[in-house]
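One file, structure13.csv, is given below (CSV, C-alpha atoms).
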chain,number,residue,atom,x,y,z
A,1,MET,CA,94.9,86.6,95.0
A,2,TYR,CA,96.8,83.8,93.3
A,3,TYR,CA,97.5,83.1,89.6
A,4,ILE,CA,96.8,79.9,87.8
A,5,PHE,CA,98.0,79.0,84.3
A,6,PHE,CA,96.3,76.0,82.8
A,7,GLN,CA,95.9,74.9,79.2
A,8,GLY,CA,96.3,78.4,77.8
A,9,CYS,CA,94.1,80.1,80.4
A,10,GLU,CA,95.4,82.7,82.8
A,11,GLU,CA,93.2,82.8,85.8
A,12,GLY,CA,93.2,85.0,88.8
A,13,VAL,CA,91.5,83.8,92.0
A,14,VAL,CA,90.4,86.6,94.2
A,15,SER,CA,89.5,86.7,97.9
A,16,ARG,CA,86.4,88.5,99.3
A,17,GLU,CA,87.3,88.4,103.0
A,18,VAL,CA,90.2,87.6,105.3
A,19,GLY,CA,89.1,84.2,106.7
A,20,CYS,CA,85.6,82.7,106.4
A,21,ARG,CA,82.8,82.0,108.8
A,22,GLN,CA,81.2,79.2,106.9
A,23,GLY,CA,83.3,76.6,108.7
A,24,CYS,CA,83.5,74.0,105.9
A,25,THR,CA,85.3,71.0,107.6
A,26,PHE,CA,87.6,70.3,104.7
A,27,CYS,CA,88.9,73.9,104.4
A,28,ALA,CA,91.9,75.5,106.1
A,29,THR,CA,90.4,79.0,105.7
A,30,GLY,CA,87.3,77.9,107.6
A,31,ARG,CA,89.4,77.3,110.7
A,32,MET,CA,90.3,81.0,110.8
A,33,GLY,CA,86.8,82.3,111.2
A,34,ARG,CA,86.0,85.6,109.5
A,35,LEU,CA,88.5,88.3,110.5
A,36,CYS,CA,87.2,91.0,108.2
A,37,SER,CA,85.5,91.7,104.9
A,38,LEU,CA,87.2,93.4,101.9
A,39,THR,CA,85.9,96.5,100.2
A,40,SER,CA,85.1,96.4,96.5
A,41,ASN,CA,88.3,98.5,96.0
A,42,GLU,CA,90.4,95.9,97.9
A,43,ILE,CA,88.9,93.1,95.7
A,44,GLN,CA,89.7,95.0,92.5
A,45,ALA,CA,93.2,95.9,93.7
A,46,GLN,CA,94.0,92.1,93.7
A,47,VAL,CA,93.3,92.1,89.9
A,48,TYR,CA,95.1,95.4,89.3
A,49,PHE,CA,98.3,94.3,91.0
A,50,SER,CA,98.3,90.9,89.5
A,51,ARG,CA,98.2,92.5,86.1
A,52,LYS,CA,101.1,94.7,87.1
A,53,ALA,CA,103.0,91.6,88.3
A,54,CYS,CA,102.4,89.8,85.1
A,55,GLY,CA,103.9,92.7,83.1
A,56,VAL,CA,107.0,92.8,85.3
A,57,LEU,CA,107.5,89.0,85.2
A,58,ASN,CA,106.7,88.9,81.4
A,59,ILE,CA,104.0,86.2,81.8
A,60,PRO,CA,100.5,86.2,80.2
A,61,PRO,CA,98.1,88.6,81.9
A,62,VAL,CA,95.1,87.4,83.8
A,63,ASP,CA,92.1,87.0,81.4
A,64,ASN,CA,89.8,85.1,83.8
A,65,VAL,CA,88.8,86.1,87.3
A,66,VAL,CA,87.2,83.7,89.8
A,67,PHE,CA,85.8,84.8,93.2
A,68,MET,CA,87.0,81.6,94.9
A,69,GLY,CA,89.8,82.7,97.3
A,70,MET,CA,89.3,83.4,101.0
A,71,GLY,CA,85.7,84.1,102.3
A,72,LYS,CA,82.3,83.6,100.8
A,73,PRO,CA,80.6,86.1,98.5
A,74,ALA,CA,77.3,85.7,100.3
A,75,ASP,CA,78.9,87.1,103.4
A,76,ASN,CA,80.1,90.2,101.6
A,77,PRO,CA,77.5,90.6,98.7
A,78,GLN,CA,77.5,94.3,98.2
A,79,ALA,CA,81.3,94.5,97.7
A,80,VAL,CA,81.4,91.4,95.5
A,81,VAL,CA,78.6,92.6,93.2
A,82,ARG,CA,80.1,96.1,92.9
A,83,ALA,CA,83.6,94.6,92.2
A,84,ALA,CA,82.1,92.3,89.6
A,85,ASN,CA,80.4,95.2,87.9
A,86,LEU,CA,83.6,97.3,87.8
A,87,LEU,CA,85.7,94.4,86.6
A,88,THR,CA,83.5,94.0,83.6
A,89,ASP,CA,82.8,97.7,82.9
A,90,ALA,CA,83.9,99.1,79.6
A,91,HIS,CA,85.5,102.0,81.4
A,92,GLY,CA,87.0,99.7,84.1
A,93,PHE,CA,89.0,96.5,83.7
A,94,GLN,CA,87.1,95.5,80.5
A,95,ILE,CA,87.0,91.8,81.3
A,96,ALA,CA,84.4,89.9,79.4
A,97,LYS,CA,81.3,89.0,81.6
A,98,THR,CA,81.7,85.3,80.6
A,99,ARG,CA,85.3,85.4,82.0
A,100,VAL,CA,84.3,86.4,85.6
A,101,THR,CA,82.8,83.9,87.9
A,102,ILE,CA,81.4,84.1,91.4
A,103,SER,CA,81.6,80.8,93.4
A,104,THR,CA,79.5,80.5,96.5
A,105,VAL,CA,78.6,77.8,99.0
A,106,GLY,CA,75.1,79.1,99.0
A,107,PRO,CA,74.2,79.7,102.6
A,108,SER,CA,70.6,80.6,101.7
A,109,PRO,CA,68.3,80.5,98.7
A,110,ASP,CA,68.2,84.3,98.7
A,111,SER,CA,72.0,84.5,98.6
A,112,PHE,CA,72.0,83.1,95.0
A,113,VAL,CA,69.5,85.6,93.9
A,114,THR,CA,71.5,88.5,95.4
A,115,LEU,CA,74.8,87.4,93.9
A,116,GLY,CA,73.0,86.6,90.6
A,117,LYS,CA,72.5,90.3,90.1
A,118,ALA,CA,76.2,90.7,89.2
A,119,PRO,CA,76.6,90.6,85.4
A,120,VAL,CA,78.9,87.5,85.6
A,121,ALA,CA,78.7,83.7,85.8
A,122,LEU,CA,77.6,82.1,89.1
A,123,THR,CA,78.7,78.7,90.4
A,124,TRP,CA,77.8,76.6,93.4
A,125,SER,CA,80.2,74.9,95.9
A,126,VAL,CA,77.9,71.9,96.5
A,127,HIS,CA,80.3,69.3,97.9
A,128,ALA,CA,77.4,66.9,98.5
A,129,SER,CA,73.8,66.9,97.5
A,130,GLU,CA,72.4,64.7,100.2
A,131,ASP,CA,71.3,66.8,103.2
A,132,SER,CA,73.0,64.9,106.1
A,133,LEU,CA,76.3,64.6,104.3
A,134,ARG,CA,76.2,68.2,103.2
A,135,LYS,CA,75.6,69.3,106.8
A,136,GLN,CA,78.7,67.3,107.8
A,137,LEU,CA,80.9,69.0,105.3
A,138,VAL,CA,79.3,72.5,105.6
A,139,PRO,CA,78.0,72.6,109.2
A,140,THR,CA,76.6,76.2,108.9
A,141,THR,CA,74.1,74.9,106.4
A,142,LYS,CA,70.6,75.9,107.5
A,143,TYR,CA,68.5,75.0,104.5
A,144,SER,CA,67.8,71.7,102.7
A,145,MET,CA,69.5,71.1,99.4
A,146,VAL,CA,66.1,71.3,97.6
A,147,GLU,CA,65.5,74.7,99.0
A,148,LEU,CA,69.0,75.9,98.0
A,149,ARG,CA,68.6,74.4,94.6
A,150,GLN,CA,65.4,76.4,94.0
A,151,GLY,CA,67.3,79.6,94.9
A,152,PHE,CA,70.0,78.7,92.5
A,153,ILE,CA,67.5,77.9,89.8
A,154,GLU,CA,65.8,81.3,90.3
A,155,ALA,CA,69.2,83.0,90.0
A,156,MET,CA,69.9,81.2,86.8
A,157,LEU,CA,66.5,82.1,85.3
A,158,ASN,CA,67.3,85.7,86.0
A,159,GLN,CA,70.6,85.5,84.1
A,160,PRO,CA,70.9,86.2,80.3
A,161,LYS,CA,71.4,83.0,78.3
A,162,LYS,CA,75.0,83.7,77.7
A,163,LEU,CA,75.7,83.5,81.4
A,164,ARG,CA,73.8,80.2,82.0
A,165,THR,CA,77.0,78.2,81.9
A,166,THR,CA,77.6,77.1,85.4
A,167,MET,CA,79.4,74.5,87.6
A,168,LEU,CA,78.7,72.5,90.7
A,169,GLU,CA,82.0,72.2,92.7
A,170,VAL,CA,82.8,69.2,94.8
A,171,ALA,CA,85.8,68.8,97.1
A,172,LEU,CA,86.2,65.0,96.9
A,173,ILE,CA,87.2,63.3,100.1
A,174,ASP,CA,88.3,59.7,100.3
A,175,ASN,CA,85.4,57.5,101.6
A,176,VAL,CA,83.4,60.5,102.6
A,177,ASN,CA,81.6,61.9,99.5
A,178,ASP,CA,83.3,60.1,96.6
A,179,ASP,CA,81.2,56.9,96.4
A,180,ALA,CA,79.2,55.9,93.4
A,181,LYS,CA,76.0,56.6,95.4
A,182,ASP,CA,77.2,60.1,96.0
A,183,ALA,CA,77.8,60.7,92.3
A,184,GLU,CA,74.4,59.3,91.3
A,185,HIS,CA,72.6,61.4,93.9
A,186,LEU,CA,74.4,64.5,92.6
A,187,ALA,CA,73.6,63.6,89.0
A,188,ASN,CA,69.9,63.3,89.7
A,189,PHE,CA,70.0,66.5,91.8
A,190,ALA,CA,71.6,68.4,89.0
A,191,LEU,CA,69.2,67.1,86.3
A,192,GLU,CA,66.4,69.1,88.0
A,193,MET,CA,68.3,72.3,87.3
A,194,VAL,CA,68.8,71.4,83.7
A,195,ASP,CA,65.1,70.6,83.3
A,196,GLN,CA,64.0,73.9,84.9
A,197,VAL,CA,66.5,76.4,83.3
A,198,PRO,CA,66.3,76.7,79.5
A,199,GLY,CA,69.7,76.7,77.9
A,200,LEU,CA,71.6,75.8,81.1
A,201,LYS,CA,75.0,74.3,80.5
A,202,LEU,CA,76.1,72.6,83.7
A,203,MET,CA,79.4,71.0,84.6
A,204,VAL,CA,80.6,69.3,87.7
A,205,ASN,CA,84.1,70.4,88.9
A,206,LEU,CA,85.7,67.7,90.9
A,207,ILE,CA,88.4,69.0,93.3
A,208,PRO,CA,90.4,66.2,95.1
A,209,PHE,CA,90.8,67.1,98.8
A,210,ASN,CA,94.1,68.9,99.6
A,211,ASP,CA,95.5,67.8,103.0
A,212,ILE,CA,95.1,70.5,105.7
A,213,GLY,CA,96.0,68.2,108.6
A,214,HIS,CA,92.5,66.9,109.2
A,215,PRO,CA,92.6,63.8,111.4
A,216,THR,CA,90.4,61.6,109.1
A,217,TYR,CA,90.0,63.4,105.8
A,218,ARG,CA,92.2,62.1,103.0
A,219,LYS,CA,92.7,62.8,99.3
A,220,PRO,CA,91.0,60.1,97.2
A,221,SER,CA,93.0,58.0,94.8
A,222,MET,CA,92.8,58.8,91.1
A,223,GLU,CA,90.9,55.6,90.6
A,224,ARG,CA,88.2,56.7,92.9
A,225,VAL,CA,88.0,60.1,91.2
A,226,LYS,CA,87.7,58.4,87.8
A,227,ASN,CA,85.1,56.0,89.1
A,228,TYR,CA,83.1,59.0,90.4
A,229,LYS,CA,83.3,60.6,87.0
A,230,MET,CA,82.1,57.5,85.3
A,231,CYS,CA,78.9,57.1,87.4
Could you express the structure from this file as structure tokens?
Amino acid sequence: MYYIFFQGCEEGVVSREVGCRQGCTFCATGRMGRLCSLTSNEIQAQVYFSRKACGVLNIPPVDNVVFMGMGKPADNPQAVVRAANLLTDAHGFQIAKTRVTISTVGPSPDSFVTLGKAPVALTWSVHASEDSLRKQLVPTTKYSMVELRQGFIEAMLNQPKKLRTTMLEVALIDNVNDDAKDAEHLANFALEMVDQVPGLKLMVNLIPFNDIGHPTYRKPSMERVKNYKMC
């Protein structure tokens, strides 16, 4: 787990596995493969010890938890859903349900529905909405983006309205998925979700690529990131 302090928000980012089998081409963890899955107790322990460390270091305690570290929730769904339940339980960690988020690459439509059973927010690591480009970035993808979107929509419809605030996450890579056409395609792709899910509040989280020694992938300039946002 690692700790992020940003604009008054103390966020803990927890791992679900050691390594990851999804093989996203822009991700260092994807190069490891999946070494093992964590139990729900091991997931919760990350939050427990981070709170202990905050007390020792006299820094603000973690008040947001995001399942966005190593591994993908859909590869370890039972442990992830159980951990999310215990993190938000009144007799457990007592973290507000709106302050816990599960982020998934969405390997299948059903995976969204399964993870959506957790009483927390759900977000989607999209990275690209056009099928061939998405396959390049997430080579383990087996479903079309339309099929995956429908699974995500179903999961959102099963959520209470207070948990229908979500994000589409995009790792922006210079001259790979950061063109205006990519932004426009994603915008149109996302509008279908907004149209089908009453009360959905949807944001796009742009994450400039962090160099992992890839031979061709590069971090986009801030100008290209800004241009993407303006489309």
Near-region 31-33 of chain A list (7 Å; all atoms listed in the file; drop same-chain fewer than 6 positions) as a PDB file with C-alpha atoms, in the coordinates of the input:
ATOM      1  CA  GLY A  19      89.100  84.200 106.700  1.00  0.00           C
ATOM      2  CA  CYS A  20      85.600  82.700 106.400  1.00  0.00           C
ATOM      3  CA  ARG A  21      82.800  82.000 108.800  1.00  0.00           C
ATOM      4  CA  GLY A  23      83.300  76.600 108.700  1.00  0.00           C
TER       5      GLY A  23
END
**Asked** Nearest to Tyr228 (chain A): which of A:Cys36, A:Leu200, A:Met145, A:Ala183 is it, counting only C-alpha atoms?
**Response**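 So, comparing all the options, the nearest one is A:Ala183.
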Need the shell around region 173-178 of chain A: protein/DNA/RNA residues with any atom at most 6 Å away, counting all atoms listed in the file. Skip same-chain ones fewer than 5 positions apart. Format as a PDB file with C-alpha atoms, in the coordinates of the input?
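Now in around_21.pdb:
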ATOM      1  CA  PHE A 209      90.800  67.100  98.800  1.00  0.00           C
ATOM      2  CA  ARG A 218      92.200  62.100 103.000  1.00  0.00           C
ATOM      3  CA  LYS A 219      92.700  62.800  99.300  1.00  0.00           C
ATOM      4  CA  PRO A 220      91.000  60.100  97.200  1.00  0.00           C
TER       5      PRO A 220
END
**Request:** Just give me the gap between CA of Cys24 (chain A) and CA of Glu154 (chain A) in Å, one decimal is fine.
**Result:** 24.7 Å
Excluding same-chain residues fewer than 5 positions from region 43-45 of chain A, what lies within 7 Å of it counting only C-alpha atoms, as a PDB file with C-alpha atoms, keeping the file's coordinate frame?
ATOM      1  CA  VAL A  14      90.400  86.600  94.200  1.00  0.00           C
ATOM      2  CA  SER A  15      89.500  86.700  97.900  1.00  0.00           C
ATOM      3  CA  ARG A  16      86.400  88.500  99.300  1.00  0.00           C
ATOM      4  CA  LEU A  38      87.200  93.400 101.900  1.00  0.00           C
ATOM      5  CA  ALA A  83      83.600  94.600  92.200  1.00  0.00           C
TER       6      ALA A  83
END
